[in-house]
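Containing CSV, C-alpha atoms: entry.csv.
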chain,number,residue,atom,x,y,z
S,1,MET,CA,-8.5,-16.7,28.2
S,2,ASN,CA,-6.3,-14.1,29.8
S,3,ALA,CA,-9.2,-12.9,31.9
S,4,LEU,CA,-10.0,-16.4,32.8
S,5,GLN,CA,-6.5,-17.1,34.0
S,6,ALA,CA,-6.5,-13.8,36.0
S,7,LEU,CA,-9.7,-15.0,37.7
S,8,CYS,CA,-8.1,-18.3,38.6
S,9,ARG,CA,-5.2,-16.5,40.2
S,10,ARG,CA,-7.6,-14.3,42.2
S,11,VAL,CA,-9.2,-17.5,43.5
S,12,PHE,CA,-5.9,-18.5,45.0
S,13,ALA,CA,-5.3,-15.0,46.2
S,14,PHE,CA,-8.7,-15.2,48.1
S,15,ARG,CA,-7.5,-18.5,49.6
S,16,LEU,CA,-4.3,-17.0,50.8
S,17,VAL,CA,-6.2,-14.2,52.5
S,18,MET,CA,-8.6,-16.6,54.2
S,19,ILE,CA,-5.7,-18.8,55.4
S,20,GLY,CA,-3.9,-15.7,56.8
S,21,LEU,CA,-7.1,-14.5,58.6
S,22,GLY,CA,-8.1,-17.9,59.9
S,23,ALA,CA,-4.7,-19.4,60.9
S,24,PRO,CA,-4.3,-17.5,64.2
S,25,LEU,CA,-7.8,-18.3,65.3
S,26,ALA,CA,-7.4,-22.0,64.4
S,27,LEU,CA,-4.1,-22.3,66.2
S,28,GLY,CA,-5.4,-20.4,69.2
S,29,ARG,CA,-8.3,-22.9,69.6
S,30,THR,CA,-6.1,-26.0,69.2
S,31,ALA,CA,-4.7,-28.0,72.1
S,32,ARG,CA,-1.0,-27.7,72.8
S,33,GLY,CA,1.3,-30.4,71.5
S,34,GLY,CA,0.6,-32.7,68.6
S,35,PRO,CA,-2.7,-31.2,67.5
S,36,THR,CA,-1.1,-27.8,67.2
S,37,TYR,CA,1.7,-29.2,65.0
S,38,LEU,CA,-0.9,-31.0,62.9
S,39,VAL,CA,-3.0,-27.9,62.3
S,40,ALA,CA,0.1,-25.7,61.7
S,41,GLY,CA,1.4,-28.3,59.2
S,42,ALA,CA,-1.9,-28.4,57.3
S,43,ILE,CA,-2.1,-24.7,57.2
S,44,LEU,CA,1.5,-24.3,56.0
S,45,LEU,CA,1.2,-27.0,53.4
S,46,THR,CA,-2.1,-25.5,52.0
S,47,PHE,CA,-0.7,-22.0,52.1
S,48,MET,CA,2.5,-23.0,50.2
S,49,LEU,CA,0.5,-24.9,47.6
S,50,SER,CA,-1.8,-22.0,47.0
S,51,TYR,CA,1.0,-19.5,46.9
S,52,ALA,CA,2.9,-21.6,44.3
S,53,LEU,CA,-0.3,-21.8,42.1
S,54,PHE,CA,-0.8,-18.0,42.5
S,55,ARG,CA,2.8,-17.1,41.7
S,56,ASP,CA,3.4,-19.5,38.8
S,57,TRP,CA,-0.1,-20.0,37.4
S,58,GLU,CA,1.3,-19.8,33.8
S,59,ARG,CA,3.3,-22.9,34.5
S,60,PHE,CA,0.8,-25.0,36.6
S,61,GLY,CA,-2.5,-23.8,35.0
S,62,PRO,CA,-2.0,-25.8,31.7
S,63,LEU,CA,-1.4,-28.9,33.9
S,64,LEU,CA,-4.7,-28.4,35.6
S,65,LEU,CA,-6.4,-28.0,32.2
S,66,ARG,CA,-4.9,-31.1,30.8
S,67,HIS,CA,-5.2,-33.3,33.9
S,68,ARG,CA,-8.5,-32.7,35.7
S,69,TRP,CA,-7.7,-35.2,38.4
S,70,LEU,CA,-5.0,-32.9,39.8
S,71,LEU,CA,-7.8,-30.7,41.2
S,72,ALA,CA,-8.7,-33.6,43.5
S,73,ALA,CA,-5.4,-33.0,45.4
S,74,ASP,CA,-6.4,-29.4,45.9
S,75,MET,CA,-9.8,-30.5,47.3
S,76,ALA,CA,-8.0,-33.0,49.6
S,77,PHE,CA,-5.8,-30.2,51.1
S,78,SER,CA,-8.8,-28.0,51.7
S,79,ALA,CA,-10.6,-30.9,53.4
S,80,LEU,CA,-7.5,-31.5,55.5
S,81,LEU,CA,-7.9,-28.0,56.9
S,82,LEU,CA,-11.6,-28.7,57.8
S,83,VAL,CA,-10.5,-31.9,59.6
S,84,THR,CA,-7.5,-30.4,61.5
S,85,ALA,CA,-9.0,-27.0,62.2
S,86,THR,CA,-12.3,-25.9,63.5
S,87,PRO,CA,-15.0,-25.9,60.8
S,88,SER,CA,-16.4,-22.7,62.1
S,89,SER,CA,-13.2,-20.7,61.6
S,90,PRO,CA,-12.5,-18.6,58.4
S,91,LEU,CA,-10.5,-21.5,57.2
S,92,ALA,CA,-13.8,-23.2,56.3
S,93,PHE,CA,-14.2,-20.7,53.4
S,94,VAL,CA,-11.1,-22.2,51.8
S,95,SER,CA,-13.3,-25.2,50.8
S,96,VAL,CA,-15.4,-23.1,48.4
S,97,CYS,CA,-12.4,-22.3,46.3
S,98,THR,CA,-12.1,-25.7,44.7
S,99,PRO,CA,-15.7,-25.8,43.2
S,100,LEU,CA,-15.2,-22.2,42.0
S,101,LEU,CA,-11.9,-23.1,40.4
S,102,ALA,CA,-13.5,-26.2,38.8
S,103,GLY,CA,-16.3,-24.1,37.3
S,104,LEU,CA,-13.8,-21.6,35.8
S,105,LEU,CA,-11.6,-24.3,34.4
S,106,TYR,CA,-13.9,-27.1,33.3
S,107,GLY,CA,-17.4,-25.8,32.9
S,108,TRP,CA,-20.6,-27.5,34.0
S,109,ARG,CA,-19.4,-31.1,34.0
S,110,GLY,CA,-16.3,-30.6,36.0
S,111,SER,CA,-17.9,-28.1,38.3
S,112,ALA,CA,-20.8,-30.4,39.1
S,113,LEU,CA,-18.6,-33.3,40.0
S,114,TYR,CA,-16.2,-31.3,42.3
S,115,ALA,CA,-19.0,-29.2,43.8
S,116,ALA,CA,-21.0,-32.4,44.7
S,117,VAL,CA,-18.0,-34.2,46.2
S,118,GLN,CA,-16.9,-31.1,48.1
S,119,ALA,CA,-20.4,-30.5,49.4
S,120,VAL,CA,-20.6,-34.0,50.7
S,121,VAL,CA,-17.2,-33.7,52.4
S,122,VAL,CA,-18.0,-30.4,53.9
S,123,ALA,CA,-21.4,-31.6,55.2
S,124,ALA,CA,-19.8,-34.6,56.7
S,125,VAL,CA,-17.0,-32.7,58.5
S,126,ALA,CA,-18.7,-29.4,59.3
S,127,GLY,CA,-22.0,-30.9,60.1
S,128,GLY,CA,-24.1,-28.2,58.5
S,129,PRO,CA,-25.8,-27.5,55.2
S,130,VAL,CA,-24.8,-23.8,54.9
S,131,LEU,CA,-21.2,-24.4,53.9
S,132,ALA,CA,-22.2,-27.3,51.6
S,133,ALA,CA,-24.6,-25.0,49.8
S,134,LEU,CA,-21.9,-22.4,49.4
S,135,CYS,CA,-19.7,-25.0,47.7
S,136,VAL,CA,-22.5,-25.7,45.2
S,137,LEU,CA,-23.2,-22.0,44.6
S,138,ALA,CA,-19.4,-21.3,44.1
S,139,GLY,CA,-19.3,-24.0,41.4
S,140,ALA,CA,-22.3,-22.5,39.6
S,141,ALA,CA,-20.8,-19.0,39.9
S,142,GLY,CA,-17.5,-20.2,38.4
S,143,VAL,CA,-19.4,-21.7,35.4
S,144,CYS,CA,-21.4,-18.5,34.9
S,145,LEU,CA,-18.2,-16.4,34.9
S,146,ARG,CA,-16.6,-18.8,32.5
S,147,ASP,CA,-19.5,-18.6,30.0
S,148,LEU,CA,-19.7,-14.9,30.4
S,149,LEU,CA,-16.0,-14.5,29.6
S,150,PHE,CA,-16.2,-16.7,26.6
S,151,ARG,CA,-19.2,-14.9,25.2
S,152,PHE,CA,-17.4,-11.6,25.6
S,153,GLY,CA,-14.4,-13.1,23.9
S,154,ALA,CA,-16.5,-14.3,21.0
S,155,ALA,CA,-18.2,-10.9,20.7
S,156,GLY,CA,-14.7,-9.2,20.8
S,157,ARG,CA,-13.5,-11.5,18.0
S,158,ALA,CA,-16.5,-10.8,15.9
S,159,LEU,CA,-16.1,-7.0,16.4
S,160,THR,CA,-12.4,-7.2,15.5
S,161,GLU,CA,-13.2,-9.2,12.4
S,162,THR,CA,-15.9,-6.7,11.4
S,163,ARG,CA,-13.6,-3.8,11.9
S,164,ALA,CA,-10.9,-5.5,9.9
S,165,ARG,CA,-13.3,-6.1,7.0
S,166,LEU,CA,-14.5,-2.5,7.2
S,167,ALA,CA,-10.9,-1.3,7.2
S,168,VAL,CA,-10.0,-3.4,4.2
S,169,ALA,CA,-13.1,-2.2,2.3
S,170,GLU,CA,-12.3,1.4,3.2
S,171,ALA,CA,-8.7,1.0,2.0
S,172,VAL,CA,-9.9,-0.5,-1.3
S,173,ARG,CA,-12.4,2.3,-1.8
S,174,ALA,CA,-9.8,4.9,-1.0
S,175,GLU,CA,-7.3,3.4,-3.4
S,176,ARG,CA,-9.9,3.3,-6.1
S,177,ASP,CA,-10.7,7.0,-5.5
S,178,HIS,CA,-7.0,7.7,-5.6
S,179,LEU,CA,-6.5,6.0,-8.9
S,180,ALA,CA,-9.6,7.7,-10.4
S,181,ARG,CA,-8.2,11.1,-9.3
S,182,GLU,CA,-4.7,10.4,-10.7
S,183,MET,CA,-6.1,9.1,-14.0
S,184,HIS,CA,-8.4,12.1,-14.4
S,185,ASP,CA,-5.6,14.6,-13.6
S,186,SER,CA,-3.0,13.1,-15.9
S,187,VAL,CA,-3.7,10.4,-18.5
S,188,SER,CA,-7.4,11.1,-19.1
S,189,LYS,CA,-6.9,14.7,-20.2
S,190,THR,CA,-4.0,13.8,-22.5
S,191,LEU,CA,-6.0,11.0,-24.1
S,192,HIS,CA,-8.9,13.4,-24.6
S,193,GLY,CA,-6.6,15.8,-26.4
S,194,LEU,CA,-5.2,12.8,-28.4
S,195,ALA,CA,-8.7,11.9,-29.5
S,196,LEU,CA,-9.5,15.5,-30.6
S,197,ALA,CA,-6.2,15.6,-32.6
S,198,ALA,CA,-7.0,12.2,-34.2
S,199,ASP,CA,-10.5,13.5,-35.2
S,200,ALA,CA,-9.0,16.6,-36.8
S,201,LEU,CA,-6.5,14.4,-38.6
S,202,ALA,CA,-9.3,12.3,-40.1
S,203,ARG,CA,-11.0,15.5,-41.5
S,204,THR,CA,-7.8,17.0,-42.9
S,205,THR,CA,-6.8,16.6,-46.6
S,206,ASP,CA,-3.9,19.1,-46.8
S,207,PRO,CA,-0.6,17.1,-46.7
S,208,ALA,CA,1.1,19.8,-44.6
S,209,ALA,CA,-1.8,19.9,-42.2
S,210,VAL,CA,-1.9,16.1,-42.1
S,211,ARG,CA,1.8,16.1,-41.2
S,212,ARG,CA,1.3,18.7,-38.4
S,213,GLN,CA,-1.7,16.8,-37.0
S,214,ALA,CA,0.2,13.5,-37.1
S,215,GLU,CA,3.1,15.1,-35.2
S,216,SER,CA,0.6,16.4,-32.7
S,217,VAL,CA,-1.0,12.9,-32.3
S,218,ALA,CA,2.5,11.4,-31.8
S,219,HIS,CA,3.4,14.0,-29.3
S,220,ALA,CA,0.2,13.4,-27.3
S,221,ALA,CA,0.7,9.6,-27.4
S,222,ARG,CA,4.2,10.0,-26.0
S,223,ARG,CA,2.9,12.4,-23.4
S,224,ALA,CA,0.2,9.9,-22.4
S,225,ALA,CA,2.8,7.1,-22.1
S,226,ALA,CA,5.1,9.4,-20.0
S,227,GLU,CA,2.2,10.3,-17.7
S,228,SER,CA,1.3,6.6,-17.3
S,229,ARG,CA,4.9,5.9,-16.3
S,230,GLU,CA,4.8,8.9,-13.8
S,231,LEU,CA,1.5,7.6,-12.4
S,232,LEU,CA,2.9,4.1,-11.9
S,233,THR,CA,6.1,5.6,-10.3
S,234,ASP,CA,4.0,7.7,-8.0
S,235,LEU,CA,2.0,4.8,-6.9
S,236,ARG,CA,5.2,3.0,-5.9
S,237,ARG,CA,6.8,6.1,-4.4
S,238,ASP,CA,7.7,6.2,-0.7
S,239,LEU,CA,5.2,8.2,1.2
S,240,ASP,CA,7.9,9.4,3.5
S,241,ALA,CA,9.7,11.4,0.7
S,242,PRO,CA,11.4,14.6,1.7
S,243,GLY,CA,9.6,17.9,1.6
S,244,VAL,CA,8.8,19.8,-1.6
S,245,SER,CA,9.2,23.5,-2.4
S,246,LEU,CA,5.6,24.5,-3.1
S,247,LEU,CA,6.6,27.8,-4.7
S,248,GLY,CA,9.0,26.2,-7.1
S,249,GLU,CA,6.4,23.6,-8.2
S,250,LEU,CA,3.8,26.3,-8.7
S,251,ARG,CA,6.1,28.3,-11.0
S,252,GLY,CA,6.2,25.3,-13.3
S,253,LEU,CA,2.4,25.2,-13.4
S,254,ALA,CA,1.8,28.9,-13.7
S,255,GLN,CA,2.5,29.3,-17.4
S,256,GLY,CA,0.5,32.3,-18.7
S,257,ALA,CA,-0.7,33.0,-15.1
S,258,GLU,CA,0.4,35.6,-12.5
S,259,LEU,CA,1.9,34.0,-9.5
S,260,ARG,CA,2.3,35.8,-6.2
S,261,ALA,CA,3.6,34.6,-2.8
S,262,VAL,CA,2.7,36.2,0.5
S,263,GLY,CA,5.0,35.3,3.4
S,264,VAL,CA,7.6,32.6,3.5
S,265,LEU,CA,6.1,29.3,2.2
S,266,PRO,CA,7.1,26.3,4.3
S,267,VAL,CA,8.5,23.1,3.0
S,268,VAL,CA,5.5,20.8,2.3
S,269,PRO,CA,5.6,17.0,2.7
S,270,GLY,CA,5.5,15.2,-0.6
S,271,ALA,CA,2.1,13.6,-0.2
S,272,VAL,CA,0.5,17.0,0.8
S,273,ALA,CA,2.3,18.8,-2.0
S,274,ARG,CA,1.0,16.3,-4.6
S,275,HIS,CA,-2.6,17.0,-3.6
S,276,LEU,CA,-2.1,20.8,-3.5
S,277,LEU,CA,-0.4,20.9,-6.9
S,278,SER,CA,-3.1,18.6,-8.4
S,279,MET,CA,-5.8,20.8,-7.2
S,280,ALA,CA,-4.0,23.9,-8.6
S,281,ALA,CA,-3.5,22.1,-12.0
S,282,GLU,CA,-7.1,21.2,-12.2
S,283,ALA,CA,-8.2,24.8,-11.4
S,284,LEU,CA,-5.8,26.1,-14.0
S,285,GLU,CA,-7.0,23.6,-16.6
S,286,ASN,CA,-10.7,24.5,-16.0
S,287,ALA,CA,-9.9,28.2,-16.3
S,288,ARG,CA,-8.0,27.7,-19.6
S,289,ARG,CA,-10.2,25.1,-21.3
S,290,HIS,CA,-13.7,25.7,-20.0
S,291,ALA,CA,-13.9,29.3,-18.7
S,292,GLY,CA,-12.2,31.1,-21.6
S,293,ALA,CA,-10.3,33.2,-19.1
S,294,SER,CA,-7.9,35.9,-20.3
S,295,ARG,CA,-6.2,36.4,-16.9
S,296,ILE,CA,-5.5,33.9,-14.2
S,297,ASP,CA,-4.0,34.8,-10.8
S,298,ILE,CA,-2.4,32.4,-8.4
S,299,GLU,CA,-1.6,33.4,-4.8
S,300,ALA,CA,0.1,31.3,-2.2
S,301,ALA,CA,-0.1,32.9,1.2
S,302,VAL,CA,1.0,31.9,4.8
S,303,CYS,CA,-0.5,33.3,8.0
S,304,ALA,CA,-0.1,32.2,11.6
S,305,THR,CA,-2.4,29.2,11.3
S,306,HIS,CA,-3.0,28.4,7.6
S,307,LEU,CA,-1.4,27.9,4.2
S,308,THR,CA,-3.8,29.3,1.6
S,309,LEU,CA,-3.7,28.7,-2.2
S,310,THR,CA,-6.0,30.8,-4.3
S,311,ILE,CA,-6.6,30.6,-8.1
S,312,GLU,CA,-8.8,33.3,-9.7
S,313,ASP,CA,-9.8,33.8,-13.3
S,314,ASP,CA,-11.9,36.3,-15.2
S,315,GLY,CA,-13.7,33.7,-17.3
S,316,ARG,CA,-17.4,33.0,-17.7
S,317,GLY,CA,-17.7,31.7,-14.2
S,318,LEU,CA,-19.8,29.0,-12.6
S,319,PRO,CA,-23.4,28.1,-13.5
S,320,ASP,CA,-26.2,29.7,-11.4
S,321,GLY,CA,-26.3,28.1,-8.0
S,322,GLY,CA,-22.6,27.1,-8.1
S,323,ALA,CA,-21.1,23.7,-8.6
S,324,ASP,CA,-23.3,20.8,-7.6
S,325,LEU,CA,-20.6,18.2,-6.7
S,326,PRO,CA,-22.8,15.2,-6.1
S,327,SER,CA,-24.3,15.5,-9.6
S,328,LEU,CA,-21.0,15.9,-11.5
S,329,PRO,CA,-20.1,12.2,-11.7
S,330,GLY,CA,-23.4,11.4,-13.4
S,331,ARG,CA,-22.6,13.9,-16.1
S,332,GLY,CA,-19.1,12.6,-16.6
S,333,HIS,CA,-17.3,15.4,-14.8
S,334,PHE,CA,-14.9,14.3,-12.1
S,335,GLY,CA,-12.4,17.2,-11.8
S,336,LEU,CA,-14.2,19.2,-9.1
S,337,LEU,CA,-15.1,16.1,-7.2
S,338,GLY,CA,-11.5,15.0,-7.3
S,339,MET,CA,-10.5,18.4,-5.9
S,340,ALA,CA,-12.9,18.0,-3.0
S,341,GLU,CA,-11.6,14.5,-2.3
S,342,ARG,CA,-8.0,15.7,-2.3
S,343,ALA,CA,-8.8,18.6,0.0
S,344,ALA,CA,-10.5,16.2,2.5
S,345,ALA,CA,-7.6,13.8,2.3
S,346,ILE,CA,-5.2,16.4,3.7
S,347,GLY,CA,-7.6,18.1,6.0
S,348,ALA,CA,-7.9,21.3,4.0
S,349,ARG,CA,-11.0,23.4,3.3
S,350,LEU,CA,-11.9,23.9,-0.4
S,351,ASP,CA,-14.1,26.8,-1.5
S,352,ILE,CA,-15.2,27.2,-5.1
S,353,GLY,CA,-17.3,30.2,-6.0
S,354,ALA,CA,-17.6,33.4,-7.9
S,355,ARG,CA,-14.6,35.9,-7.9
S,356,PRO,CA,-15.4,38.7,-5.5
S,357,SER,CA,-13.8,41.4,-7.6
S,358,GLY,CA,-15.8,40.7,-10.8
S,359,PRO,CA,-16.9,38.0,-13.2
S,360,GLY,CA,-15.0,34.7,-13.0
S,361,THR,CA,-14.3,31.9,-10.6
S,362,ARG,CA,-12.2,31.7,-7.4
S,363,VAL,CA,-10.8,28.4,-6.1
S,364,ARG,CA,-9.4,28.7,-2.5
S,365,VAL,CA,-7.7,25.9,-0.6
S,366,ALA,CA,-7.0,26.6,3.1
S,367,LEU,CA,-4.7,24.1,4.8
S,368,PRO,CA,-4.0,24.3,8.5
S,369,LEU,CA,-0.2,24.4,9.3
S,370,ALA,CA,-0.8,21.7,11.9
S,371,ALA,CA,-1.7,19.3,9.2
S,372,LEU,CA,1.8,19.8,7.7
S,373,THR,CA,3.4,18.8,11.0
S,374,ARG,CA,1.2,15.7,11.3
S,375,GLU,CA,1.8,14.6,7.8
S,376,GLY,CA,5.5,15.2,8.1
S,377,GLY,CA,5.7,13.2,11.3
S,378,ARG,CA,3.7,10.4,9.8
Before we go any further, please render this structure as structure tokens.
Amino acid sequence: MNALQALCRRVFAFRLVMIGLGAPLALGRTARGGPTYLVAGAILLTFMLSYALFRDWERFGPLLLRHRWLLAADMAFSALLLVTATPSSPLAFVSVCTPLLAGLLYGWRGSALYAAVQAVVVAAVAGGPVLAALCVLAGAAGVCLRDLLFRFGAAGRALTETRARLAVAEAVRAERDHLAREMHDSVSKTLHGLALAADALARTTDPAAVRRQAESVAHAARRAAAESRELLTDLRRDLDAPGVSLLGELRGLAQGAELRAVGVLPVVPGAVARHLLSMAAEALENARRHAGASRIDIEAAVCATHLTLTIEDDGRGLPDGGADLPSLPGRGHFGLLGMAERAAAIGARLDIGARPSGPGTRVRVALPLAALTREGGR
């Protein structure tokens, strides 16, 4: 509709140009006295009307849409120019504006009526079929432009709706992946430990051992409840939270591991820090539970372009061929997949492979420092 209104205004701009070009010629060929005043009055009246519609189309355009008969007055003014001025002057092209405007505003029915009437008037006054044919062609051109604009509008609306549906689906999928990662990195592990403690309790007959196992089960249940509350709190947390000291958070995770910092670590936005710490916690959990490592080293380093987090262990290492991430969910393993998704979410590069200095595994996360600036600004 905006493009259609802009075209209607351009029709009146074209009319103003034709009147400006043809007025001197029409006045120069008119006899002095009354005929000159008559032609000048018709030109001035048509020019002022066209300028008012061009200037305040937002006000007068809806009136033309609601009352189609008002366009007949416009056709009368253009016919007045043909009667008072010479039909062979540039003022004759003013007459094609009315059928063109009717085609833009009213479609085929309105355009056919106004184009036919205007063609008859022009043929009667100008005495030739050329200008009458131009009126008919102008009406058809207006209708074609109207249909083209509406088709583009319908296609644009369909594209916008499709993009909106895709954005909603992507947001839902991203939120499901986020919940799956958070559940795996917190409550799932605690519940797994709770299940193991409960199984051991069922097989224990010694009262003292039963008491210890029961305390372990109770402690694990309270921890699972606390982690559930932390997860819910995290989901409701403001994403624009202040920055986090990554080194201080890593000290809390590095129990039984060697932590080393290279360079001055920057303050990390809360959302980025949560992903980095979750990846570090997953790597440490894998080294302790699955790799049987006796030594774990954590290094957080900063260079000119990247923040790098490296976790190395001397455990049994990865299977031959490395970790096959696409096949892990089918076997019920989601930890490494969650790490890869977290790295992608913050624009970091994740490398999981063998330790260069000997047996074991190395997990390396390289985050561009530019990502910290973008995330903090967002």
8 Å contact set for Val136 of chain S, only C-alpha atoms, chain neighbours under 5 positions out, as a PyMOL selection string:
chain S and resi 99+112+115-116+119
What separates atom CA of Ala291 of chain S and atom CA of Val365 of chain S is a distance of 19.4 Å
Fewer than 6 positions away in the same chain doesn't count, so skip those; otherwise give me all residues within 7 Å of Glu299 of chain S, counting all atoms listed in the file, as an NGL selection string.
:S and (259-261 or 309-311)
Show me, as a PyMOL selection string, the residues that have an atom within 8 Å of Leu250 of chain S when counting all atoms listed in the file, minus same-chain residues fewer than 4 positions from it.
chain S and resi 246+254+259+277
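Nearest residue to Tyr106 of chain S, choosing from S:Thr36, S:Leu4, S:Arg59, S:Val262 and counting only C-alpha atoms: S:Leu4.
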Residues near Val267 of chain S, anyone? I mean within 6 Å using all atoms listed in the file, not counting same-chain ones fewer than 4 positions away, as an NGL selection string.
:S and (243-245)
Writer output for current selection, C-alpha atoms, as a short mmCIF file (atom, residue, chain, number, x, y, z; two decimals), in the coordinates of the input:
data_model
loop_
_atom_site.label_atom_id
_atom_site.label_comp_id
_atom_site.auth_asym_id
_atom_site.auth_seq_id
_atom_site.Cartn_x
_atom_site.Cartn_y
_atom_site.Cartn_z
CA GLY S 243 9.60 17.90 1.60
CA VAL S 244 8.80 19.80 -1.60
CA SER S 245 9.20 23.50 -2.40
#
Neighbour list for Leu134 of chain S as number ranges by chain, cut-off 12 Å, all atoms listed in the file, skip fewer than 2 positions in-chain:
S: 92-100, 115-116, 118-120, 122-123, 128-132, 136-141
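In terms of minimum interatomic distance to Ala371 of chain S, S:Val268 ranks closest within S:Val268, S:Ala354, S:Leu318, S:Ala221, counting all atoms listed in the file.
Distance annotation: of S:Leu145, S:Leu25, S:Leu45, S:Val39, the residue with the minimal separation from Cys8 of chain S is S:Leu145; atom set is only C-alpha atoms.
Compared by their closest atoms to Gly335 of chain S, and using all atoms listed in the file, the residues S:Ala304, S:Leu81, S:Leu284, S:Ala366 rank with S:Leu284 nearest.
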Between atom CA of Glu341 of chain S and atom CA of Gly353 of chain S, what is the spacing in Å?
17.1 Å
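Rounded to one decimal, atom CA of His275 of chain S and atom CA of Arg342 of chain S lie 5.7 Å from each other.
Using only C-alpha atoms, the shortest contact distance between Cys144 of chain S and any of S:Leu253, S:Ala281, S:Ala52, S:Leu104 is found at S:Leu104.
Using all atoms listed in the file, the smallest distance between any of S:Gly34, S:Gly270, S:Gly20, S:Gly61 and Thr46 of chain S comes from S:Gly20.
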Output segment 294-313 of chain S with N, CA and C atoms present, as a PDB file, in the coordinates of the input.
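Everything below was put into selection-v7.pdb:
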ATOM      1  N   SER S 294      -9.025  35.177 -19.753  1.00  0.00           N
ATOM      2  CA  SER S 294      -7.900  35.900 -20.300  1.00  0.00           C
ATOM      3  C   SER S 294      -6.837  36.230 -19.278  1.00  0.00           C
ATOM      4  N   ARG S 295      -7.183  36.122 -18.019  1.00  0.00           N
ATOM      5  CA  ARG S 295      -6.200  36.400 -16.900  1.00  0.00           C
ATOM      6  C   ARG S 295      -6.478  35.401 -15.808  1.00  0.00           C
ATOM      7  N   ILE S 296      -5.390  34.830 -15.312  1.00  0.00           N
ATOM      8  CA  ILE S 296      -5.500  33.900 -14.200  1.00  0.00           C
ATOM      9  C   ILE S 296      -4.421  34.331 -13.162  1.00  0.00           C
ATOM     10  N   ASP S 297      -4.848  34.441 -11.914  1.00  0.00           N
ATOM     11  CA  ASP S 297      -4.000  34.800 -10.800  1.00  0.00           C
ATOM     12  C   ASP S 297      -3.869  33.691  -9.812  1.00  0.00           C
ATOM     13  N   ILE S 298      -2.634  33.422  -9.395  1.00  0.00           N
ATOM     14  CA  ILE S 298      -2.400  32.400  -8.400  1.00  0.00           C
ATOM     15  C   ILE S 298      -1.694  33.077  -7.203  1.00  0.00           C
ATOM     16  N   GLU S 299      -2.224  32.816  -6.010  1.00  0.00           N
ATOM     17  CA  GLU S 299      -1.600  33.400  -4.800  1.00  0.00           C
ATOM     18  C   GLU S 299      -1.432  32.283  -3.780  1.00  0.00           C
ATOM     19  N   ALA S 300      -0.201  32.176  -3.286  1.00  0.00           N
ATOM     20  CA  ALA S 300       0.100  31.300  -2.200  1.00  0.00           C
ATOM     21  C   ALA S 300       0.515  32.100  -0.998  1.00  0.00           C
ATOM     22  N   ALA S 301      -0.254  31.988   0.081  1.00  0.00           N
ATOM     23  CA  ALA S 301      -0.100  32.900   1.200  1.00  0.00           C
ATOM     24  C   ALA S 301       0.041  32.013   2.503  1.00  0.00           C
ATOM     25  N   VAL S 302       0.799  32.529   3.465  1.00  0.00           N
ATOM     26  CA  VAL S 302       1.000  31.900   4.800  1.00  0.00           C
ATOM     27  C   VAL S 302       0.653  32.885   5.847  1.00  0.00           C
ATOM     28  N   CYS S 303      -0.207  32.462   6.782  1.00  0.00           N
ATOM     29  CA  CYS S 303      -0.500  33.300   8.000  1.00  0.00           C
ATOM     30  C   CYS S 303      -0.085  32.474   9.191  1.00  0.00           C
ATOM     31  N   ALA S 304      -0.557  32.879  10.343  1.00  0.00           N
ATOM     32  CA  ALA S 304      -0.100  32.200  11.600  1.00  0.00           C
ATOM     33  C   ALA S 304      -0.622  30.790  11.677  1.00  0.00           C
ATOM     34  N   THR S 305      -1.761  30.484  11.067  1.00  0.00           N
ATOM     35  CA  THR S 305      -2.400  29.200  11.300  1.00  0.00           C
ATOM     36  C   THR S 305      -2.595  28.390   9.971  1.00  0.00           C
ATOM     37  N   HIS S 306      -2.614  29.046   8.801  1.00  0.00           N
ATOM     38  CA  HIS S 306      -3.000  28.400   7.600  1.00  0.00           C
ATOM     39  C   HIS S 306      -2.064  28.672   6.430  1.00  0.00           C
ATOM     40  N   LEU S 307      -1.985  27.723   5.530  1.00  0.00           N
ATOM     41  CA  LEU S 307      -1.400  27.900   4.200  1.00  0.00           C
ATOM     42  C   LEU S 307      -2.529  27.952   3.211  1.00  0.00           C
ATOM     43  N   THR S 308      -2.630  29.061   2.473  1.00  0.00           N
ATOM     44  CA  THR S 308      -3.800  29.300   1.600  1.00  0.00           C
ATOM     45  C   THR S 308      -3.278  29.360   0.146  1.00  0.00           C
ATOM     46  N   LEU S 309      -3.975  28.635  -0.724  1.00  0.00           N
ATOM     47  CA  LEU S 309      -3.700  28.700  -2.200  1.00  0.00           C
ATOM     48  C   LEU S 309      -4.958  29.112  -2.882  1.00  0.00           C
ATOM     49  N   THR S 310      -4.844  30.214  -3.634  1.00  0.00           N
ATOM     50  CA  THR S 310      -6.000  30.800  -4.300  1.00  0.00           C
ATOM     51  C   THR S 310      -5.736  30.941  -5.786  1.00  0.00           C
ATOM     52  N   ILE S 311      -6.684  30.471  -6.616  1.00  0.00           N
ATOM     53  CA  ILE S 311      -6.600  30.600  -8.100  1.00  0.00           C
ATOM     54  C   ILE S 311      -7.857  31.355  -8.528  1.00  0.00           C
ATOM     55  N   GLU S 312      -7.677  32.511  -9.164  1.00  0.00           N
ATOM     56  CA  GLU S 312      -8.800  33.300  -9.700  1.00  0.00           C
ATOM     57  C   GLU S 312      -8.643  33.518 -11.168  1.00  0.00           C
ATOM     58  N   ASP S 313      -9.784  33.541 -11.865  1.00  0.00           N
ATOM     59  CA  ASP S 313      -9.800  33.800 -13.300  1.00  0.00           C
ATOM     60  C   ASP S 313     -10.940  34.757 -13.619  1.00  0.00           C
TER      61      ASP S 313
END
